[in-house]
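Working notes for the structure below.
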Amino acid sequence: MDTKIEKEGQVPKTTDVDAALEYLNGEGTTVMTEINEKALVRKIDWMIVPIMWACYNLQYLDKTLINYANVMDLQQDTGITGNQFSLLATLFYVTYLAFEFPTGYLMQKLPTAKYLGANVILWGLVVTLNSAAKNWAALATLRTLLGCFESAVAPALILVTSMWYKRSEQPARVGFWYVGTGTGTIIGALTSFGFQHYESEVFTSWQIMFLLFGLITIAVGILTMIFLPDNPMKSRLTREEKIWAIERLRENQTGIENKHFKMYQVRDCFTDPQTWLIALITVTMNIPNGAISTYQATIIKGFGYTSKETALLSIPSGIVSGVAVISGGISAARFNARGPVIIILLLIGGILGGCLLAFSDPTNKGALLTGNYLTNVIGAVLPLLYSYSAANYAGHTKKVTMNAMLLLSFCLGNIIGPLTFRDADKPQYLPAKIVVVASTSAALATTGVLMAYYMWENKRRDRLYPRFEHEENIEFFDLTDRENKEFRYRW
């Protein structure tokens with residue numbers, strides 16, 4: 001049943017409630033102590049976080065394998081040009097972008113974990129087939145398919161995180177699985193270094209690398225379908241633990257799951273000012289992030305290092321990224337504030353790192369490497385934007401729509417970023433490095449505007465609804481954040 005809200009704060013009279021409320025109505029309630037809750041959260045962490053990390057680690061690693069393959073003579077072996085290599089990155093994000101809304105719709109209709117696992121298996125198959133690619137057409141086709149299947153990962157993991165964790169717990173948990181970008185960089189660099197010592201007349205080193213990680217990804221996809229629960233109600237928890245897992249999330253005011261697609265919630269998402277502010281931040285911070293992730297090895301090699309040295313010198317990039325992600329997530333959770341942490345990360349990564357990379361003496365390798373490593377801090381902003389989406393959007397269809405919008409913006413930035421690296425600017429790529437600083441500055445300013453909007457909106461609601469009676473179970477009525485007068489935004 002599709003319910004349209006005529007006035008802000010008006011509660012709909014509908015039987016189309018969250019799946020969690022339907023479960024509670026059938027099971028009753030039970031009392032949970034603080035000790036019980038801590039033990040439950042630890043159990044949930046071990047049950048889902050390692051799987052989410054594995055999926056995101058492989059998602060990042062598999063899409064950036066082409067970066068390592070490029071310094072392992074991919075261009076020479078397949079006969080593609082530098083501009084064609086740039087287009088491979090663009091093709092991935094074009095299909096990633098195109099499939100965000102369809103995959104969001106399917107994710108709401110189908111079991112979330114099973115849908116995620118199926119996509120992991122399919123993109124693992126695509127990565128495996130890269131080992132057989134011998135020309136531009138084959139690489140372009142496979143890169144296009146990879147973007148299609150990987151588009152499901154981030155929105156699925158955001159949904160899973162919001163199903164299991166309180167809003168105060170979400171930044172750290174998103175950080176724990178998003179740190180896969182850092183570990184993916186380290187694993188990719190070490191693997192690239194190792195395979196560069198492999199010589200054979202039958203297979204090239206980059207072909208073996210694609211084959212190995214493709215098979216690993218397929219295995220992880222199968223494990224995801226088996227072990228990752230679709231929601232708390234269908235998990236391996238005991239009956240009592242399932243009730244606790246649901247009840248502790250009442251304070252989120254965002255619900256857990258509703259399989260009915262509601263068009264009015266899509267409209268609510270697109271008319272919400274926070275949607276467009278978050279989208280703008282995501283685009284502008286991903287222009288440098290997309291460029292750096294695609295051209296990390298190429299930039300380092302451009303400093304005058306060999307391919308083997310480049311592989312080893314890429315390892316600190318992963319370490320910096322991992323430390324920034326975990327530190328950012330824990331800090332945002334501890335102080336219950338995402339915006340200030342985002343600003344600090346952008347200042348360190350985009351402004352300081354970008355300036356060192358763009359304006360240092362070309363002969364000063366130390367400064368150039370430092371700038372290159374610091375730009376990896378920019379990527380730590382994305383999990384905090386993911387947690388904004390998880391914490392500040394209520395109504396299941398609205399959440400799914402915003403996740404798609406967020407990833408669409410992510411794609412747009414990643415499409416623009418690699419295109420700033422042109423063959424004509426080799427080997428310094430100065431214009432692209434200046435873009436890093438400029439776009440990060442725009443993201444920083446927009447973050448300040450978003451924080452101000454959240455503060456203003458919370459104060460406005462406090463004025464409009466100074467005293468109101470709590471309506472029982474309103475947390476699970478599948479209302480949007482703008483319908484629910486009790487909802488307050490986390491900035």
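Chain lettering (A, B, ...) mirrors the order of the structure tokens, residue numbering begins at 1 for each chain separately, and ligand numbering begins at 1 in order of display.
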(request) Please provide the set of residues having any atom within 12 Å of region 454-466 of chain A, restricted to only C-alpha atoms, with same-chain residues fewer than 5 positions apart removed, written as a ChimeraX atom specification. (result) /A:8-10,272-275,277-278,337-339,388,392,447-449,481-491
(request) Could you find all residues in region 198-371 of chain A that DSSP calls helix (DSSP H, G or I) from the backbone, and write them as number ranges by chain? (result) A: 205-227, 232-234, 239-247, 250-252, 263-270, 273-301, 307-313, 315-335, 339-359, 365-371
Write the selection just made, keeping C-alpha atoms, as a CSV table (one decimal), in the first residue's frame?
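The resulting file, part31.csv, is shown below:
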chain,number,residue,atom,x,y,z
A,205,SER,CA,52.1,-12.2,-15.1
A,206,TRP,CA,49.1,-10.0,-15.2
A,207,GLN,CA,47.0,-12.8,-16.7
A,208,ILE,CA,47.8,-15.1,-13.7
A,209,MET,CA,47.0,-12.2,-11.4
A,210,PHE,CA,43.5,-11.8,-12.9
A,211,LEU,CA,42.8,-15.5,-12.8
A,212,LEU,CA,43.8,-15.9,-9.2
A,213,PHE,CA,41.7,-13.0,-7.8
A,214,GLY,CA,38.8,-13.9,-10.0
A,215,LEU,CA,38.6,-17.4,-8.5
A,216,ILE,CA,39.0,-16.0,-5.0
A,217,THR,CA,36.1,-13.6,-5.6
A,218,ILE,CA,33.8,-16.4,-6.8
A,219,ALA,CA,34.6,-18.4,-3.6
A,220,VAL,CA,33.8,-15.3,-1.4
A,221,GLY,CA,30.5,-14.8,-3.3
A,222,ILE,CA,29.4,-18.3,-2.5
A,223,LEU,CA,30.3,-17.9,1.2
A,224,THR,CA,28.4,-14.6,1.2
A,225,MET,CA,25.2,-16.3,0.0
A,226,ILE,CA,25.6,-19.0,2.6
A,227,PHE,CA,26.7,-17.1,5.7
A,232,PRO,CA,18.1,-9.9,11.7
A,233,MET,CA,14.8,-11.7,11.5
A,234,LYS,CA,16.3,-14.4,9.2
A,239,ARG,CA,14.8,-16.0,19.1
A,240,GLU,CA,15.7,-13.8,22.1
A,241,GLU,CA,18.7,-12.3,20.4
A,242,LYS,CA,16.7,-11.5,17.3
A,243,ILE,CA,14.2,-9.5,19.4
A,244,TRP,CA,17.1,-7.7,21.1
A,245,ALA,CA,18.8,-7.0,17.7
A,246,ILE,CA,15.5,-5.3,16.5
A,247,GLU,CA,14.5,-3.5,19.7
A,250,ARG,CA,14.3,1.7,17.8
A,251,GLU,CA,16.3,4.9,18.5
A,252,ASN,CA,17.5,5.0,14.9
A,263,MET,CA,7.0,6.0,-5.2
A,264,TYR,CA,6.3,8.9,-2.8
A,265,GLN,CA,9.5,8.1,-0.9
A,266,VAL,CA,11.5,8.4,-4.1
A,267,ARG,CA,10.0,11.9,-4.6
A,268,ASP,CA,10.8,12.6,-1.0
A,269,CYS,CA,14.5,11.7,-1.6
A,270,PHE,CA,14.8,13.9,-4.7
A,273,PRO,CA,18.1,19.3,0.3
A,274,GLN,CA,20.5,17.0,2.0
A,275,THR,CA,20.4,14.6,-1.0
A,276,TRP,CA,21.9,17.2,-3.3
A,277,LEU,CA,24.4,18.5,-0.8
A,278,ILE,CA,25.7,14.9,-0.1
A,279,ALA,CA,25.7,14.2,-3.9
A,280,LEU,CA,27.8,17.3,-4.5
A,281,ILE,CA,30.3,16.4,-1.8
A,282,THR,CA,30.5,12.9,-3.2
A,283,VAL,CA,31.2,14.0,-6.8
A,284,THR,CA,33.8,16.6,-5.8
A,285,MET,CA,35.7,14.3,-3.4
A,286,ASN,CA,35.7,11.4,-5.9
A,287,ILE,CA,37.2,13.4,-8.7
A,288,PRO,CA,40.6,13.2,-7.0
A,289,ASN,CA,39.9,9.9,-5.4
A,290,GLY,CA,39.0,8.3,-8.8
A,291,ALA,CA,42.1,9.7,-10.5
A,292,ILE,CA,44.5,8.6,-7.7
A,293,SER,CA,43.0,5.1,-7.4
A,294,THR,CA,43.3,4.5,-11.2
A,295,TYR,CA,46.6,6.2,-11.7
A,296,GLN,CA,48.4,5.5,-8.3
A,297,ALA,CA,51.0,3.2,-9.8
A,298,THR,CA,51.4,5.3,-13.0
A,299,ILE,CA,52.0,8.4,-10.9
A,300,ILE,CA,54.6,6.7,-8.7
A,301,LYS,CA,56.3,5.2,-11.8
A,307,SER,CA,57.9,-1.3,-12.2
A,308,LYS,CA,59.0,-3.5,-9.3
A,309,GLU,CA,59.9,-0.5,-7.2
A,310,THR,CA,56.5,1.1,-8.1
A,311,ALA,CA,54.7,-2.0,-6.8
A,312,LEU,CA,56.5,-1.9,-3.4
A,313,LEU,CA,56.1,1.9,-3.1
A,315,ILE,CA,52.1,-0.4,-0.3
A,316,PRO,CA,52.2,2.7,2.0
A,317,SER,CA,49.2,4.1,0.0
A,318,GLY,CA,47.1,1.2,1.4
A,319,ILE,CA,48.4,1.7,4.9
A,320,VAL,CA,47.6,5.4,4.8
A,321,SER,CA,44.2,4.7,3.4
A,322,GLY,CA,43.4,2.0,6.0
A,323,VAL,CA,44.6,4.2,9.0
A,324,ALA,CA,42.6,7.2,7.7
A,325,VAL,CA,39.4,5.1,7.3
A,326,ILE,CA,39.6,3.4,10.7
A,327,SER,CA,40.6,6.6,12.5
A,328,GLY,CA,37.9,8.6,10.7
A,329,GLY,CA,35.2,6.0,11.5
A,330,ILE,CA,36.1,5.6,15.2
A,331,SER,CA,36.4,9.4,15.7
A,332,ALA,CA,33.0,10.0,14.1
A,333,ALA,CA,31.4,7.3,16.3
A,334,ARG,CA,33.1,8.5,19.4
A,335,PHE,CA,32.2,12.2,19.0
A,339,GLY,CA,31.1,16.6,9.3
A,340,PRO,CA,34.1,17.8,11.3
A,341,VAL,CA,36.0,14.6,10.6
A,342,ILE,CA,35.2,14.9,6.9
A,343,ILE,CA,36.6,18.4,6.9
A,344,ILE,CA,39.8,17.3,8.6
A,345,LEU,CA,40.3,14.4,6.2
A,346,LEU,CA,39.8,16.7,3.2
A,347,LEU,CA,42.3,19.2,4.6
A,348,ILE,CA,45.0,16.6,5.1
A,349,GLY,CA,44.4,14.6,1.9
A,350,GLY,CA,43.2,17.0,-0.7
A,351,ILE,CA,44.7,20.3,0.3
A,352,LEU,CA,48.0,19.3,1.9
A,353,GLY,CA,48.6,16.1,-0.1
A,354,GLY,CA,47.3,17.6,-3.3
A,355,CYS,CA,49.5,20.7,-3.0
A,356,LEU,CA,52.6,18.6,-2.3
A,357,LEU,CA,51.8,16.5,-5.3
A,358,ALA,CA,51.1,19.4,-7.6
A,359,PHE,CA,53.6,22.1,-6.6
A,365,LYS,CA,60.9,12.5,-4.8
A,366,GLY,CA,60.3,12.6,-1.0
A,367,ALA,CA,57.8,15.4,-1.2
A,368,LEU,CA,56.1,13.9,-4.3
A,369,LEU,CA,55.7,10.5,-2.6
A,370,THR,CA,54.5,12.1,0.6
A,371,GLY,CA,51.9,14.1,-1.4
Can you list, as a PDB file with N, CA, C and O atoms, in the first residue's frame, every protein, DNA or RNA residue that comes within 10 Å of Asp77 (chain A) when you count only C-alpha atoms, leaving out same-chain residues fewer than 2 positions away?
ATOM      1  N   ASN A  70      48.748  -2.502 -15.557  1.00  0.00           N
ATOM      2  CA  ASN A  70      49.280  -1.496 -16.472  1.00  0.00           C
ATOM      3  C   ASN A  70      50.789  -1.342 -16.348  1.00  0.00           C
ATOM      4  O   ASN A  70      51.461  -1.038 -17.330  1.00  0.00           O
ATOM      5  N   MET A  72      52.577  -3.837 -15.503  1.00  0.00           N
ATOM      6  CA  MET A  72      53.069  -5.193 -15.796  1.00  0.00           C
ATOM      7  C   MET A  72      52.924  -5.470 -17.300  1.00  0.00           C
ATOM      8  O   MET A  72      52.747  -6.603 -17.716  1.00  0.00           O
ATOM      9  N   ASP A  73      52.955  -4.367 -18.092  1.00  0.00           N
ATOM     10  CA  ASP A  73      52.966  -4.443 -19.565  1.00  0.00           C
ATOM     11  C   ASP A  73      51.621  -4.821 -20.179  1.00  0.00           C
ATOM     12  O   ASP A  73      51.571  -5.382 -21.285  1.00  0.00           O
ATOM     13  N   LEU A  74      50.515  -4.479 -19.512  1.00  0.00           N
ATOM     14  CA  LEU A  74      49.200  -4.738 -20.095  1.00  0.00           C
ATOM     15  C   LEU A  74      49.031  -4.011 -21.423  1.00  0.00           C
ATOM     16  O   LEU A  74      48.545  -4.595 -22.403  1.00  0.00           O
ATOM     17  N   GLN A  75      49.410  -2.726 -21.453  1.00  0.00           N
ATOM     18  CA  GLN A  75      49.228  -1.944 -22.681  1.00  0.00           C
ATOM     19  C   GLN A  75      50.012  -2.538 -23.848  1.00  0.00           C
ATOM     20  O   GLN A  75      49.488  -2.652 -24.964  1.00  0.00           O
ATOM     21  N   GLY A  79      48.127  -4.132 -26.914  1.00  0.00           N
ATOM     22  CA  GLY A  79      48.186  -3.164 -27.999  1.00  0.00           C
ATOM     23  C   GLY A  79      47.275  -1.967 -27.819  1.00  0.00           C
ATOM     24  O   GLY A  79      46.852  -1.357 -28.816  1.00  0.00           O
ATOM     25  N   ILE A  80      46.960  -1.585 -26.575  1.00  0.00           N
ATOM     26  CA  ILE A  80      46.096  -0.422 -26.352  1.00  0.00           C
ATOM     27  C   ILE A  80      46.947   0.808 -26.051  1.00  0.00           C
ATOM     28  O   ILE A  80      48.082   0.704 -25.592  1.00  0.00           O
ATOM     29  N   ALA A 133      41.762 -11.881 -22.108  1.00  0.00           N
ATOM     30  CA  ALA A 133      41.604 -10.709 -22.977  1.00  0.00           C
ATOM     31  C   ALA A 133      42.905 -10.407 -23.709  1.00  0.00           C
ATOM     32  O   ALA A 133      43.974 -10.359 -23.091  1.00  0.00           O
ATOM     33  N   LYS A 134      42.812 -10.176 -25.005  1.00  0.00           N
ATOM     34  CA  LYS A 134      44.017  -9.947 -25.801  1.00  0.00           C
ATOM     35  C   LYS A 134      43.969  -8.650 -26.603  1.00  0.00           C
ATOM     36  O   LYS A 134      44.915  -8.342 -27.323  1.00  0.00           O
ATOM     37  N   ASN A 135      42.849  -7.896 -26.495  1.00  0.00           N
ATOM     38  CA  ASN A 135      42.756  -6.657 -27.263  1.00  0.00           C
ATOM     39  C   ASN A 135      41.814  -5.669 -26.564  1.00  0.00           C
ATOM     40  O   ASN A 135      41.212  -5.987 -25.521  1.00  0.00           O
ATOM     41  N   THR A 204      51.192 -14.421 -19.268  1.00  0.00           N
ATOM     42  CA  THR A 204      51.886 -13.255 -18.722  1.00  0.00           C
ATOM     43  C   THR A 204      51.574 -13.157 -17.229  1.00  0.00           C
ATOM     44  O   THR A 204      50.630 -13.786 -16.730  1.00  0.00           O
ATOM     45  N   TRP A 206      50.337 -10.639 -15.553  1.00  0.00           N
ATOM     46  CA  TRP A 206      49.051 -10.005 -15.237  1.00  0.00           C
ATOM     47  C   TRP A 206      47.882 -10.943 -15.515  1.00  0.00           C
ATOM     48  O   TRP A 206      46.835 -10.850 -14.859  1.00  0.00           O
TER      49      TRP A 206
END
(request) Take CA of Ala404 (chain A) and CA of Glu100 (chain A) and report the distance between them in Å, one decimal. (result) 5.0 Å
(request) Quick one: everything within 8 Å of region 144-158 of chain A, counting only C-alpha atoms, minus sequence neighbours fewer than 2 positions away in the same chain. Send it as a PyMOL selection string. (result) chain A and resi 52+55-56+59+63+91-100+103-104+107+112-113+116+119-120+122-123+126-127+140-142+160-162+174+386-387+389-390+400+403-404+407
